[in-house]
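See below for work.pdb, which holds PDB, C-alpha atoms.
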```pdb
MODEL        1
ATOM      1  CA  MET A  11      -3.159-113.057  37.687
ATOM      2  CA  GLU A  12      -3.352-111.710  41.148
ATOM      3  CA  VAL A  13      -5.290-108.532  41.493
ATOM      4  CA  THR A  14      -4.337-106.377  44.396
ATOM      5  CA  GLU A  15      -6.840-103.830  45.435
ATOM      6  CA  VAL A  16      -5.429-100.852  47.186
ATOM      7  CA  THR A  17      -7.829 -98.901  49.286
ATOM      8  CA  TYR A  18      -7.074 -95.889  51.354
ATOM      9  CA  ALA A  19      -8.935 -95.438  54.555
ATOM     10  CA  THR A  20     -10.618 -92.067  54.453
ATOM     11  CA  GLU A  21      -9.765 -90.615  57.770
ATOM     12  CA  PHE A  22     -11.557 -87.553  58.909
ATOM     13  CA  THR A  23     -10.193 -85.175  61.488
ATOM     14  CA  GLU A  24     -12.763 -83.049  63.178
ATOM     15  CA  VAL A  25     -11.906 -79.388  62.698
ATOM     16  CA  PHE A  26     -14.855 -77.667  64.347
ATOM     17  CA  THR A  27     -18.289 -78.680  65.526
ATOM     18  CA  THR A  28     -21.348 -76.777  66.621
ATOM     19  CA  LYS A  29     -24.853 -77.937  67.429
ATOM     20  CA  ALA A  30     -25.855 -77.207  63.847
ATOM     21  CA  GLY A  31     -23.080 -79.082  62.043
ATOM     22  CA  ALA A  32     -19.443 -80.061  61.728
ATOM     23  CA  ILE A  33     -16.467 -79.661  59.440
ATOM     24  CA  TYR A  34     -13.932 -82.444  58.993
ATOM     25  CA  GLN A  35     -10.581 -82.431  57.267
ATOM     26  CA  CYS A  36      -9.492 -85.300  55.063
ATOM     27  CA  ASP A  37      -5.680 -85.330  54.776
ATOM     28  CA  ASN A  38      -5.634 -88.044  52.079
ATOM     29  CA  GLU A  39      -7.753 -85.958  49.737
ATOM     30  CA  SER A  40      -6.508 -82.559  50.973
ATOM     31  CA  CYS A  41     -10.041 -81.323  51.393
ATOM     32  CA  TRP A  42     -12.797 -80.696  53.902
ATOM     33  CA  TYR A  43     -16.166 -82.345  54.386
ATOM     34  CA  ILE A  44     -18.963 -80.158  55.640
ATOM     35  CA  ASP A  45     -21.777 -81.811  57.501
ATOM     36  CA  PHE A  46     -24.467 -79.163  57.476
ATOM     37  CA  ALA A  47     -28.135 -78.725  56.497
ATOM     38  CA  GLY A  48     -28.691 -82.457  56.226
ATOM     39  CA  LYS A  49     -25.876 -83.317  53.822
ATOM     40  CA  LEU A  50     -22.184 -84.063  53.710
ATOM     41  CA  ALA A  51     -20.448 -81.971  51.059
ATOM     42  CA  ARG A  52     -16.827 -82.023  49.901
ATOM     43  CA  PHE A  53     -14.910 -78.751  49.523
ATOM     44  CA  ASP A  54     -11.369 -78.258  48.305
ATOM     45  CA  TYR A  55      -9.161 -75.324  49.318
ATOM     46  CA  ARG A  56     -10.473 -72.797  46.807
ATOM     47  CA  CYS A  57     -14.113 -73.780  47.223
ATOM     48  CA  LEU A  58     -13.907 -73.525  51.003
ATOM     49  CA  LEU A  59     -12.518 -69.995  50.728
ATOM     50  CA  LYS A  60     -15.237 -69.083  48.240
ATOM     51  CA  LEU A  61     -17.920 -70.543  50.502
ATOM     52  CA  ASN A  62     -16.611 -68.594  53.488
ATOM     53  CA  LYS A  63     -16.637 -65.392  51.450
ATOM     54  CA  ALA A  64     -20.156 -66.059  50.125
ATOM     55  CA  ILE A  65     -21.500 -66.593  53.631
ATOM     56  CA  ASN A  66     -19.668 -63.609  55.122
ATOM     57  CA  VAL A  67     -20.954 -61.107  52.568
ATOM     58  CA  ILE A  68     -24.571 -61.764  53.571
ATOM     59  CA  ASP A  69     -25.726 -58.831  55.675
ATOM     60  CA  ILE A  70     -27.864 -60.667  58.230
ATOM     61  CA  GLU A  71     -28.855 -57.553  60.165
ATOM     62  CA  LYS A  72     -30.122 -55.871  56.994
ATOM     63  CA  ARG A  73     -32.061 -58.995  56.036
ATOM     64  CA  LEU A  74     -33.711 -59.155  59.437
ATOM     65  CA  LEU A  75     -34.782 -55.507  59.358
ATOM     66  CA  ASP A  76     -35.935 -55.499  55.763
ATOM     67  CA  SER A  77     -39.375 -57.093  55.647
ATOM     68  CA  SER A  78     -39.411 -57.223  51.849
ATOM     69  CA  SER A  79     -36.275 -59.369  51.561
ATOM     70  CA  PRO A  80     -36.776 -63.138  51.356
ATOM     71  CA  ASP A  81     -36.041 -65.289  54.363
ATOM     72  CA  MET A  82     -34.106 -67.775  52.228
ATOM     73  CA  GLU A  83     -30.756 -67.540  50.500
ATOM     74  CA  ILE A  84     -29.320 -69.703  47.761
ATOM     75  CA  ILE A  85     -25.597 -70.175  48.260
ATOM     76  CA  PHE A  86     -24.182 -71.122  44.894
ATOM     77  CA  ILE A  87     -20.436 -71.426  44.620
ATOM     78  CA  CYS A  88     -19.060 -71.398  41.101
ATOM     79  CA  ALA A  89     -17.111 -74.580  40.216
ATOM     80  CA  CYS A  90     -18.277 -76.328  43.386
ATOM     81  CA  ASP A  91     -20.494 -79.394  43.373
ATOM     82  CA  ASP A  92     -22.874 -78.318  46.098
ATOM     83  CA  THR A  93     -25.438 -75.600  46.523
ATOM     84  CA  TYR A  94     -27.099 -74.616  49.770
ATOM     85  CA  VAL A  95     -30.580 -73.236  50.224
ATOM     86  CA  LEU A  96     -30.543 -71.761  53.707
ATOM     87  CA  THR A  97     -32.837 -69.842  56.002
ATOM     88  CA  LEU A  98     -31.466 -66.854  57.915
ATOM     89  CA  THR A  99     -31.153 -68.936  61.087
ATOM     90  CA  GLN A 100     -29.148 -71.525  59.172
ATOM     91  CA  ILE A 101     -26.941 -68.812  57.686
ATOM     92  CA  ILE A 102     -26.127 -67.538  61.183
ATOM     93  CA  ALA A 103     -25.295 -71.098  62.266
ATOM     94  CA  PHE A 104     -23.216 -71.693  59.113
ATOM     95  CA  LYS A 105     -21.310 -68.458  59.688
ATOM     96  CA  GLU A 106     -20.471 -69.563  63.229
ATOM     97  CA  LEU A 107     -19.354 -72.980  61.980
ATOM     98  CA  LEU A 108     -17.100 -71.495  59.294
ATOM     99  CA  GLN A 109     -15.643 -68.848  61.596
ATOM    100  CA  GLY A 110     -14.732 -71.512  64.137
ATOM    101  CA  THR A 111     -13.255 -73.670  61.404
ATOM    102  CA  PHE A 112     -11.004 -70.919  60.088
ATOM    103  CA  VAL A 113      -9.811 -70.098  63.597
ATOM    104  CA  MET A 114      -8.940 -73.777  64.098
ATOM    105  CA  LEU A 115      -7.169 -73.966  60.723
ATOM    106  CA  GLU A 116      -5.148 -70.885  61.644
ATOM    107  CA  LEU A 117      -4.290 -72.451  64.969
ATOM    108  CA  ASN A 118      -3.226 -75.610  63.142
ATOM    109  CA  ASN A 119      -1.004 -73.477  60.907
ATOM    110  CA  ILE A 120       0.640 -71.901  63.968
ATOM    111  CA  ILE A 121       1.182 -75.317  65.579
ATOM    112  CA  CYS A 122       2.609 -76.856  62.390
ATOM    113  CA  THR A 123       4.947 -73.893  61.904
ATOM    114  CA  ARG A 124       6.140 -73.856  65.506
ATOM    115  CA  LEU A 125       6.563 -77.627  65.831
ATOM    116  CA  TYR A 126       7.830 -78.783  62.466
ATOM    117  CA  ARG A 127       8.851 -75.885  60.256
ATOM    118  CA  THR A 128      10.996 -73.537  62.273
ATOM    119  CA  ALA A 129      14.537 -74.428  63.247
ATOM    120  CA  VAL A 130      14.595 -72.279  66.342
TER     121      VAL A 130
ATOM    122  CA  MET B  30      -3.615 -82.769  60.724
ATOM    123  CA  LYS B  31      -2.114 -81.409  57.514
ATOM    124  CA  ASP B  32      -1.821 -77.658  57.120
ATOM    125  CA  ILE B  33      -3.635 -77.678  53.752
ATOM    126  CA  ILE B  34      -4.170 -73.928  53.432
ATOM    127  CA  ARG B  35      -0.486 -73.080  53.899
ATOM    128  CA  VAL B  36       0.574 -75.849  51.529
ATOM    129  CA  GLN B  37      -1.763 -74.497  48.840
ATOM    130  CA  SER B  38      -0.816 -70.846  49.146
ATOM    131  CA  LEU B  39       1.933 -68.699  50.588
ATOM    132  CA  LEU B  40      -0.431 -65.767  50.966
ATOM    133  CA  SER B  41      -2.864 -65.335  53.811
ATOM    134  CA  VAL B  42      -6.468 -64.520  52.896
ATOM    135  CA  GLY B  43      -5.970 -60.938  54.108
ATOM    136  CA  VAL B  44      -2.752 -60.276  52.162
ATOM    137  CA  GLU B  45      -4.231 -61.860  49.030
ATOM    138  CA  ALA B  46      -7.305 -59.613  49.276
ATOM    139  CA  ALA B  47      -5.085 -56.559  49.804
ATOM    140  CA  ILE B  48      -2.981 -57.379  46.737
ATOM    141  CA  ASN B  49      -6.126 -57.933  44.680
ATOM    142  CA  GLN B  50      -7.260 -54.467  45.751
ATOM    143  CA  GLN B  51      -3.890 -53.135  44.633
ATOM    144  CA  ILE B  52      -4.304 -54.885  41.261
ATOM    145  CA  LYS B  53      -7.538 -52.942  40.857
ATOM    146  CA  LYS B  54      -5.834 -49.715  41.899
ATOM    147  CA  GLU B  55      -3.047 -50.198  39.346
ATOM    148  CA  ALA B  56      -5.622 -50.944  36.630
ATOM    149  CA  GLN B  57      -7.490 -47.790  37.571
ATOM    150  CA  SER B  58      -4.246 -45.795  37.477
ATOM    151  CA  SER B  59      -3.481 -47.143  34.038
ATOM    152  CA  SER B  60      -6.924 -46.094  32.795
ATOM    153  CA  ILE B  61      -6.677 -42.668  34.421
ATOM    154  CA  TYR B  62      -3.342 -42.036  32.693
ATOM    155  CA  LEU B  63      -4.871 -43.133  29.417
ATOM    156  CA  ALA B  64      -7.688 -40.613  29.922
ATOM    157  CA  MET B  65      -5.077 -37.941  30.719
ATOM    158  CA  ALA B  66      -3.177 -38.825  27.525
ATOM    159  CA  SER B  67      -6.417 -38.431  25.595
ATOM    160  CA  TRP B  68      -7.143 -35.015  27.129
ATOM    161  CA  CYS B  69      -3.581 -33.788  26.487
ATOM    162  CA  ASP B  70      -3.663 -35.006  22.904
ATOM    163  CA  ARG B  71      -7.057 -33.348  22.278
ATOM    164  CA  ASN B  72      -5.781 -30.066  23.650
ATOM    165  CA  GLY B  73      -2.535 -29.954  21.688
ATOM    166  CA  PHE B  74      -0.107 -31.076  24.395
ATOM    167  CA  ASP B  75       1.490 -33.871  22.396
ATOM    168  CA  ASN B  76       4.569 -34.415  24.575
ATOM    169  CA  SER B  77       2.440 -34.682  27.704
ATOM    170  CA  ALA B  78       0.148 -37.116  25.894
ATOM    171  CA  ASP B  79       3.168 -39.314  25.123
ATOM    172  CA  TYR B  80       4.304 -39.003  28.750
ATOM    173  CA  PHE B  81       0.900 -40.203  29.985
ATOM    174  CA  PHE B  82       0.742 -43.031  27.434
ATOM    175  CA  LYS B  83       4.050 -44.270  28.852
ATOM    176  CA  GLN B  84       2.774 -43.859  32.420
ATOM    177  CA  SER B  85      -0.321 -45.859  31.524
ATOM    178  CA  GLU B  86       1.810 -48.695  30.179
ATOM    179  CA  GLU B  87       3.934 -48.652  33.340
ATOM    180  CA  GLU B  88       0.883 -48.917  35.572
ATOM    181  CA  ARG B  89      -0.370 -51.812  33.489
ATOM    182  CA  ALA B  90       3.025 -53.509  33.945
ATOM    183  CA  HIS B  91       2.742 -52.963  37.709
ATOM    184  CA  GLN B  92      -0.732 -54.483  37.685
ATOM    185  CA  LEU B  93       0.563 -57.584  35.889
ATOM    186  CA  LYS B  94       3.507 -57.871  38.284
ATOM    187  CA  PHE B  95       1.095 -58.021  41.238
ATOM    188  CA  TYR B  96      -1.235 -60.303  39.298
ATOM    189  CA  LYS B  97       1.447 -62.847  38.506
ATOM    190  CA  TYR B  98       2.800 -62.729  42.042
ATOM    191  CA  VAL B  99      -0.599 -63.731  43.470
ATOM    192  CA  LEU B 100      -0.837 -66.605  40.970
ATOM    193  CA  ASP B 101       2.750 -67.750  41.500
ATOM    194  CA  MET B 102       2.203 -67.894  45.260
ATOM    195  CA  GLY B 103      -0.862 -70.107  44.877
ATOM    196  CA  GLY B 104      -3.523 -67.443  45.285
ATOM    197  CA  THR B 105      -6.420 -66.346  43.107
ATOM    198  CA  ALA B 106      -5.723 -63.198  41.106
ATOM    199  CA  ILE B 107      -8.884 -61.277  40.268
ATOM    200  CA  SER B 108      -9.171 -59.377  37.011
ATOM    201  CA  PRO B 109     -10.619 -56.026  38.098
ATOM    202  CA  GLU B 110     -13.499 -53.985  36.843
ATOM    203  CA  VAL B 111     -12.529 -50.385  36.122
ATOM    204  CA  THR B 112     -15.248 -47.767  36.081
ATOM    205  CA  ASN B 113     -15.826 -44.024  36.552
ATOM    206  CA  ILE B 114     -12.723 -42.729  34.858
ATOM    207  CA  LYS B 115     -12.620 -38.943  34.644
ATOM    208  CA  ILE B 116     -12.227 -37.866  31.034
ATOM    209  CA  GLU B 117     -12.472 -34.075  31.218
ATOM    210  CA  TYR B 118     -10.120 -31.701  33.020
ATOM    211  CA  ASN B 119     -10.559 -28.000  33.691
ATOM    212  CA  SER B 120      -6.957 -27.105  32.961
ATOM    213  CA  PHE B 121      -3.562 -28.415  31.878
ATOM    214  CA  ARG B 122      -2.333 -27.971  35.449
ATOM    215  CA  GLU B 123      -5.220 -29.988  36.885
ATOM    216  CA  VAL B 124      -4.107 -33.008  34.848
ATOM    217  CA  PHE B 125      -0.726 -32.989  36.568
ATOM    218  CA  GLU B 126      -2.227 -32.280  39.982
ATOM    219  CA  ASP B 127      -4.410 -35.364  39.593
ATOM    220  CA  ALA B 128      -1.424 -37.395  38.365
ATOM    221  CA  LEU B 129       0.555 -36.566  41.506
ATOM    222  CA  GLU B 130      -2.445 -37.308  43.702
ATOM    223  CA  GLN B 131      -2.781 -40.672  41.952
ATOM    224  CA  GLU B 132       0.857 -41.572  42.633
ATOM    225  CA  VAL B 133       0.603 -40.518  46.283
ATOM    226  CA  SER B 134      -2.456 -42.699  46.680
ATOM    227  CA  VAL B 135      -0.654 -45.694  45.102
ATOM    228  CA  THR B 136       2.330 -45.238  47.450
ATOM    229  CA  GLU B 137       0.049 -45.061  50.495
ATOM    230  CA  SER B 138      -1.830 -48.138  49.368
ATOM    231  CA  ILE B 139       1.383 -50.184  48.970
ATOM    232  CA  LYS B 140       2.545 -48.931  52.376
ATOM    233  CA  ALA B 141      -0.678 -50.278  53.888
ATOM    234  CA  ILE B 142      -0.027 -53.706  52.338
ATOM    235  CA  ALA B 143       3.523 -53.651  53.717
ATOM    236  CA  ALA B 144       2.177 -52.792  57.190
ATOM    237  CA  ARG B 145      -0.124 -55.780  56.977
ATOM    238  CA  CYS B 146       2.770 -58.015  55.867
ATOM    239  CA  HIS B 147       4.817 -56.837  58.856
ATOM    240  CA  LYS B 148       1.937 -57.670  61.159
ATOM    241  CA  GLU B 149       1.594 -61.158  59.681
ATOM    242  CA  GLN B 150       5.367 -61.659  59.357
ATOM    243  CA  ASP B 151       4.967 -62.208  55.611
ATOM    244  CA  TYR B 152       8.550 -61.251  54.737
ATOM    245  CA  VAL B 153       8.322 -62.877  51.308
ATOM    246  CA  THR B 154       5.637 -60.433  50.142
ATOM    247  CA  LEU B 155       7.433 -57.626  51.907
ATOM    248  CA  GLU B 156      10.553 -58.305  49.867
ATOM    249  CA  PHE B 157       8.416 -58.398  46.717
ATOM    250  CA  LEU B 158       6.967 -54.985  47.626
ATOM    251  CA  ASN B 159      10.415 -53.408  47.901
ATOM    252  CA  TRP B 160      10.624 -53.178  44.112
ATOM    253  CA  PHE B 161       7.413 -51.135  44.122
ATOM    254  CA  PHE B 162       8.667 -48.774  46.808
ATOM    255  CA  LYS B 163      11.695 -47.993  44.705
ATOM    256  CA  GLU B 164       9.440 -47.517  41.697
ATOM    257  CA  GLN B 165       7.177 -45.152  43.648
ATOM    258  CA  ARG B 166      10.182 -42.990  44.510
ATOM    259  CA  GLU B 167      10.620 -42.401  40.791
ATOM    260  CA  GLU B 168       6.904 -42.049  40.039
ATOM    261  CA  GLU B 169       6.300 -39.471  42.748
ATOM    262  CA  TYR B 170       9.431 -37.557  41.786
ATOM    263  CA  LYS B 171       8.351 -37.353  38.136
ATOM    264  CA  ALA B 172       4.804 -36.287  38.984
ATOM    265  CA  ARG B 173       6.035 -33.679  41.480
ATOM    266  CA  ARG B 174       8.630 -32.338  39.051
ATOM    267  CA  ALA B 175       6.028 -32.002  36.300
ATOM    268  CA  LEU B 176       3.836 -29.925  38.586
ATOM    269  CA  GLU B 177       6.846 -27.879  39.623
ATOM    270  CA  LEU B 178       7.335 -26.846  35.996
ATOM    271  CA  PHE B 179       4.077 -24.898  36.171
ATOM    272  CA  ASP B 180       5.536 -22.712  38.917
ATOM    273  CA  VAL B 181       9.039 -22.451  37.478
ATOM    274  CA  ILE B 182       8.035 -21.691  33.885
ATOM    275  CA  GLY B 183       4.630 -20.120  34.449
ATOM    276  CA  GLU B 184       1.572 -20.589  32.267
ATOM    277  CA  ALA B 185       1.393 -17.121  30.728
ATOM    278  CA  GLY B 186       2.218 -16.567  27.055
ATOM    279  CA  THR B 187       3.927 -19.615  25.605
ATOM    280  CA  GLY B 188       4.367 -21.057  29.096
ATOM    281  CA  ARG B 189       2.127 -24.071  28.576
ATOM    282  CA  TRP B 190       3.943 -24.882  25.323
ATOM    283  CA  GLU B 191       7.260 -24.726  27.236
ATOM    284  CA  ILE B 192       5.908 -26.907  30.015
ATOM    285  CA  ASP B 193       4.705 -29.487  27.507
ATOM    286  CA  HIS B 194       8.128 -29.410  25.895
ATOM    287  CA  HIS B 195       9.907 -30.019  29.223
ATOM    288  CA  VAL B 196       7.576 -32.747  30.500
ATOM    289  CA  SER B 197       9.105 -35.230  28.065
ATOM    290  CA  LYS B 198      12.576 -34.485  29.471
ATOM    291  CA  ILE B 199      11.759 -35.357  33.084
ATOM    292  CA  LYS B 200      14.036 -38.125  34.256
ATOM    293  CA  TYR B 201      14.842 -39.701  37.576
ATOM    294  CA  ASP B 202      18.262 -41.317  37.666
ATOM    295  CA  ASN B 203      19.050 -41.247  41.359
ATOM    296  CA  GLU B 204      19.255 -44.930  42.274
TER     297      GLU B 204
ENDMDL
END
```

Would you give me this structure, written as structure tokens?
Amino acid sequence: MEVTEVTYATEFTEVFTTKAGAIYQCDNESCWYIDFAGKLARFDYRCLLKLNKAINVIDIEKRLLDSSSPDMEIIFICACDDTYVLTLTQIIAFKELLQGTFVMLELNNIICTRLYRTAV
Amino acid sequence: MKDIIRVQSLLSVGVEAAINQQIKKEAQSSSIYLAMASWCDRNGFDNSADYFFKQSEEERAHQLKFYKYVLDMGGTAISPEVTNIKIEYNSFREVFEDALEQEVSVTESIKAIAARCHKEQDYVTLEFLNWFFKEQREEEYKARRALELFDVIGEAGTGRWEIDHHVSKIKYDNE
């Protein structure tokens, strides 16, 4: 019996890159891969939104001014496989990376709508 | 590159957050009306208590309508926490003043969501909100009319008994 193995090439499209990391989109899996803090983590739609929210709610200014608050933050996203333990500098870098990513995804939405979805 | 976010959900992050806020507001309204029903019942205004029980159920239905809309459109509906509900009122009139204030605040809140939808050209949500605008016409009318009874009938003598009697008859049938 002939066994045919079907493999899909996992193609990544770069969404946004900074010096600290990068976020790639995988169309085959409908998800994003985040290359940050020394690891590559997979995030689906809901987890990416939750991650963005978790990072955005951190009040960096308050943390910097408050000497009693720890310099580390554990980013745990419920129902997501990965957890981040980040310093304040990393959080600032992560925030920048995610902000850029969401701007690019919005831009992609505008392009897709204008090019393929609207009749006029 | 696929537009994954749009494929997953019709709602933008901002509109979804605004509707989730509204879900919380409707839940709060429902609880406030329940507290009003309790106060009216405790103070012998049985018809008004029934009126507020009905109002509470309506607000709960509104909350679920928003809730299901978010889910149907691919978003994440958040079950809200409701706290700090006022349980004591200084007077019978104050209950109705608060009820009107509550309805005005709900209308304004829905208007703010509609303004956001206009800005984002989210005409689907805008059309969904139209039902609520029509509903708010009725809700504000009823709350305003109830308060009007205090001026028309007056609270002296058996006035409050009369008001309580007429509250159950308030109807809005102007489509």

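In this structure, the chain B residues at most 9 Å away from chain A are Met30, Lys31, Asp32, Ile33, Ile34, Arg35, Gln37, Val42, Gly104 and Thr105 of chain B, with all atoms listed in the file considered.
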
Can you list, as an mmCIF file with C-alpha atoms, keeping the file's coordinate frame, every protein, DNA or RNA residue that comes within 10 Å of A:Thr97 when you count only C-alpha atoms, leaving out same-chain residues fewer than 5 positions away?
```cif
data_model
loop_
_atom_site.group_PDB
_atom_site.id
_atom_site.type_symbol
_atom_site.label_atom_id
_atom_site.label_comp_id
_atom_site.auth_asym_id
_atom_site.auth_seq_id
_atom_site.Cartn_x
_atom_site.Cartn_y
_atom_site.Cartn_z
ATOM 1 C CA PRO A 80 -36.776 -63.138 51.356
ATOM 2 C CA ASP A 81 -36.041 -65.289 54.363
ATOM 3 C CA MET A 82 -34.106 -67.775 52.228
ATOM 4 C CA GLU A 83 -30.756 -67.540 50.500
ATOM 5 C CA ILE A 84 -29.320 -69.703 47.761
ATOM 6 C CA ILE A 102 -26.127 -67.538 61.183
ATOM 7 C CA ALA A 103 -25.295 -71.098 62.266
#
```

Counting all atoms listed in the file, the option among B:Leu178, B:Asn113, B:Val135, B:Tyr98 closest to B:Leu40: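 For B:Leu40, the nearest of the given residues is B:Tyr98.
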
Residue with smallest distance to B:Ala47 - pool B:Ile142, B:Val111, B:Cys69, B:Ile199, counting all atoms listed in the file: B:Ile142

Contact residues around A:Leu58 with all atoms listed in the file at 12 Å, ignoring same-chain residues under 4 positions, as a PyMOL selection string: (chain A and resi 33-35+40-44+51-54+62-65+87-92+108-109+111-112+115) or (chain B and resi 33-34+42)

Residues matched by the PyMOL selection byres ((chain B and resi 96) around 12) as number ranges by chain: B: 45-56, 89-95, 97-109

d(atom CA of B:Asn203, atom CA of B:Arg173) in Å: 15.1 Å

Two-atom distance - atom CA of A:Leu107, atom CA of A:Thr27 (Å):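 A separation of 6.8 Å between them.
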
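Atom to atom, atom CA of B:Arg122 and atom CA of B:Ser77 stand 11.3 Å apart.
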
Using all atoms listed in the file: which of B:Thr187, B:Gln84, B:Ser38, B:Ser120 has the shortest distance to B:Glu164: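 Residue with the minimum atom-to-atom distance to B:Glu164: B:Gln84.
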
Selected residue of minimal separation from A:Cys57 among A:Gln100, A:Tyr126, A:Phe86, A:Ser78, counting only C-alpha atoms: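 The closest residue to A:Cys57 is A:Phe86.
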
Where's the centre, and what are the edge lengths in Å to one decimal, of a box along x, y and z enclosing all listed atoms of stretch 70-88 of chain B padded 3 Å per side, as JSON?
```
{"center_x": -1.2, "center_y": -39.4, "center_z": 28.6, "size_x": 17.6, "size_y": 25.0, "size_z": 19.9}
```

For stretch 123-139 of chain B of the block above, can you save N, CA and C atoms as a JSON list (two decimals), in the first residue's frame?
```json
[["chain", "number", "residue", "atom", "x", "y", "z"],
["B", 123, "GLU", "N", -38.00, 59.85, 45.15],
["B", 123, "GLU", "CA", -36.58, 59.65, 44.82],
["B", 123, "GLU", "C", -36.37, 58.37, 44.02],
["B", 124, "VAL", "N", -37.18, 57.36, 44.29],
["B", 124, "VAL", "CA", -37.07, 56.10, 43.55],
["B", 124, "VAL", "C", -37.29, 56.36, 42.05],
["B", 125, "PHE", "N", -38.33, 57.13, 41.76],
["B", 125, "PHE", "CA", -38.66, 57.40, 40.36],
["B", 125, "PHE", "C", -37.69, 58.39, 39.71],
["B", 126, "GLU", "N", -37.16, 59.29, 40.53],
["B", 126, "GLU", "CA", -36.14, 60.21, 40.00],
["B", 126, "GLU", "C", -34.89, 59.43, 39.57],
["B", 127, "ASP", "N", -34.51, 58.48, 40.42],
["B", 127, "ASP", "CA", -33.35, 57.64, 40.09],
["B", 127, "ASP", "C", -33.61, 56.76, 38.87],
["B", 128, "ALA", "N", -34.87, 56.28, 38.76],
["B", 128, "ALA", "CA", -35.23, 55.42, 37.63],
["B", 128, "ALA", "C", -35.09, 56.18, 36.31],
["B", 129, "LEU", "N", -35.56, 57.43, 36.31],
["B", 129, "LEU", "CA", -35.44, 58.24, 35.09],
["B", 129, "LEU", "C", -33.97, 58.52, 34.78],
["B", 130, "GLU", "N", -33.22, 58.85, 35.80],
["B", 130, "GLU", "CA", -31.79, 59.12, 35.63],
["B", 130, "GLU", "C", -31.09, 57.89, 35.04],
["B", 131, "GLN", "N", -31.49, 56.72, 35.50],
["B", 131, "GLN", "CA", -30.92, 55.46, 35.02],
["B", 131, "GLN", "C", -31.19, 55.29, 33.52],
["B", 132, "GLU", "N", -32.43, 55.55, 33.12],
["B", 132, "GLU", "CA", -32.81, 55.39, 31.71],
["B", 132, "GLU", "C", -32.08, 56.40, 30.83],
["B", 133, "VAL", "N", -31.95, 57.63, 31.32],
["B", 133, "VAL", "CA", -31.23, 58.66, 30.55],
["B", 133, "VAL", "C", -29.78, 58.21, 30.35],
["B", 134, "SER", "N", -29.20, 57.69, 31.41],
["B", 134, "SER", "CA", -27.81, 57.25, 31.31],
["B", 134, "SER", "C", -27.65, 56.08, 30.33],
["B", 135, "VAL", "N", -28.63, 55.17, 30.30],
["B", 135, "VAL", "CA", -28.58, 54.05, 29.34],
["B", 135, "VAL", "C", -28.67, 54.58, 27.90],
["B", 136, "THR", "N", -29.60, 55.52, 27.68],
["B", 136, "THR", "CA", -29.75, 56.09, 26.33],
["B", 136, "THR", "C", -28.45, 56.75, 25.88],
["B", 137, "GLU", "N", -27.86, 57.54, 26.77],
["B", 137, "GLU", "CA", -26.61, 58.24, 26.42],
["B", 137, "GLU", "C", -25.50, 57.25, 26.10],
["B", 138, "SER", "N", -25.46, 56.19, 26.88],
["B", 138, "SER", "CA", -24.42, 55.17, 26.69],
["B", 138, "SER", "C", -24.57, 54.48, 25.33],
["B", 139, "ILE", "N", -25.81, 54.17, 24.94],
["B", 139, "ILE", "CA", -26.04, 53.52, 23.64],
["B", 139, "ILE", "C", -25.72, 54.50, 22.51]]
```
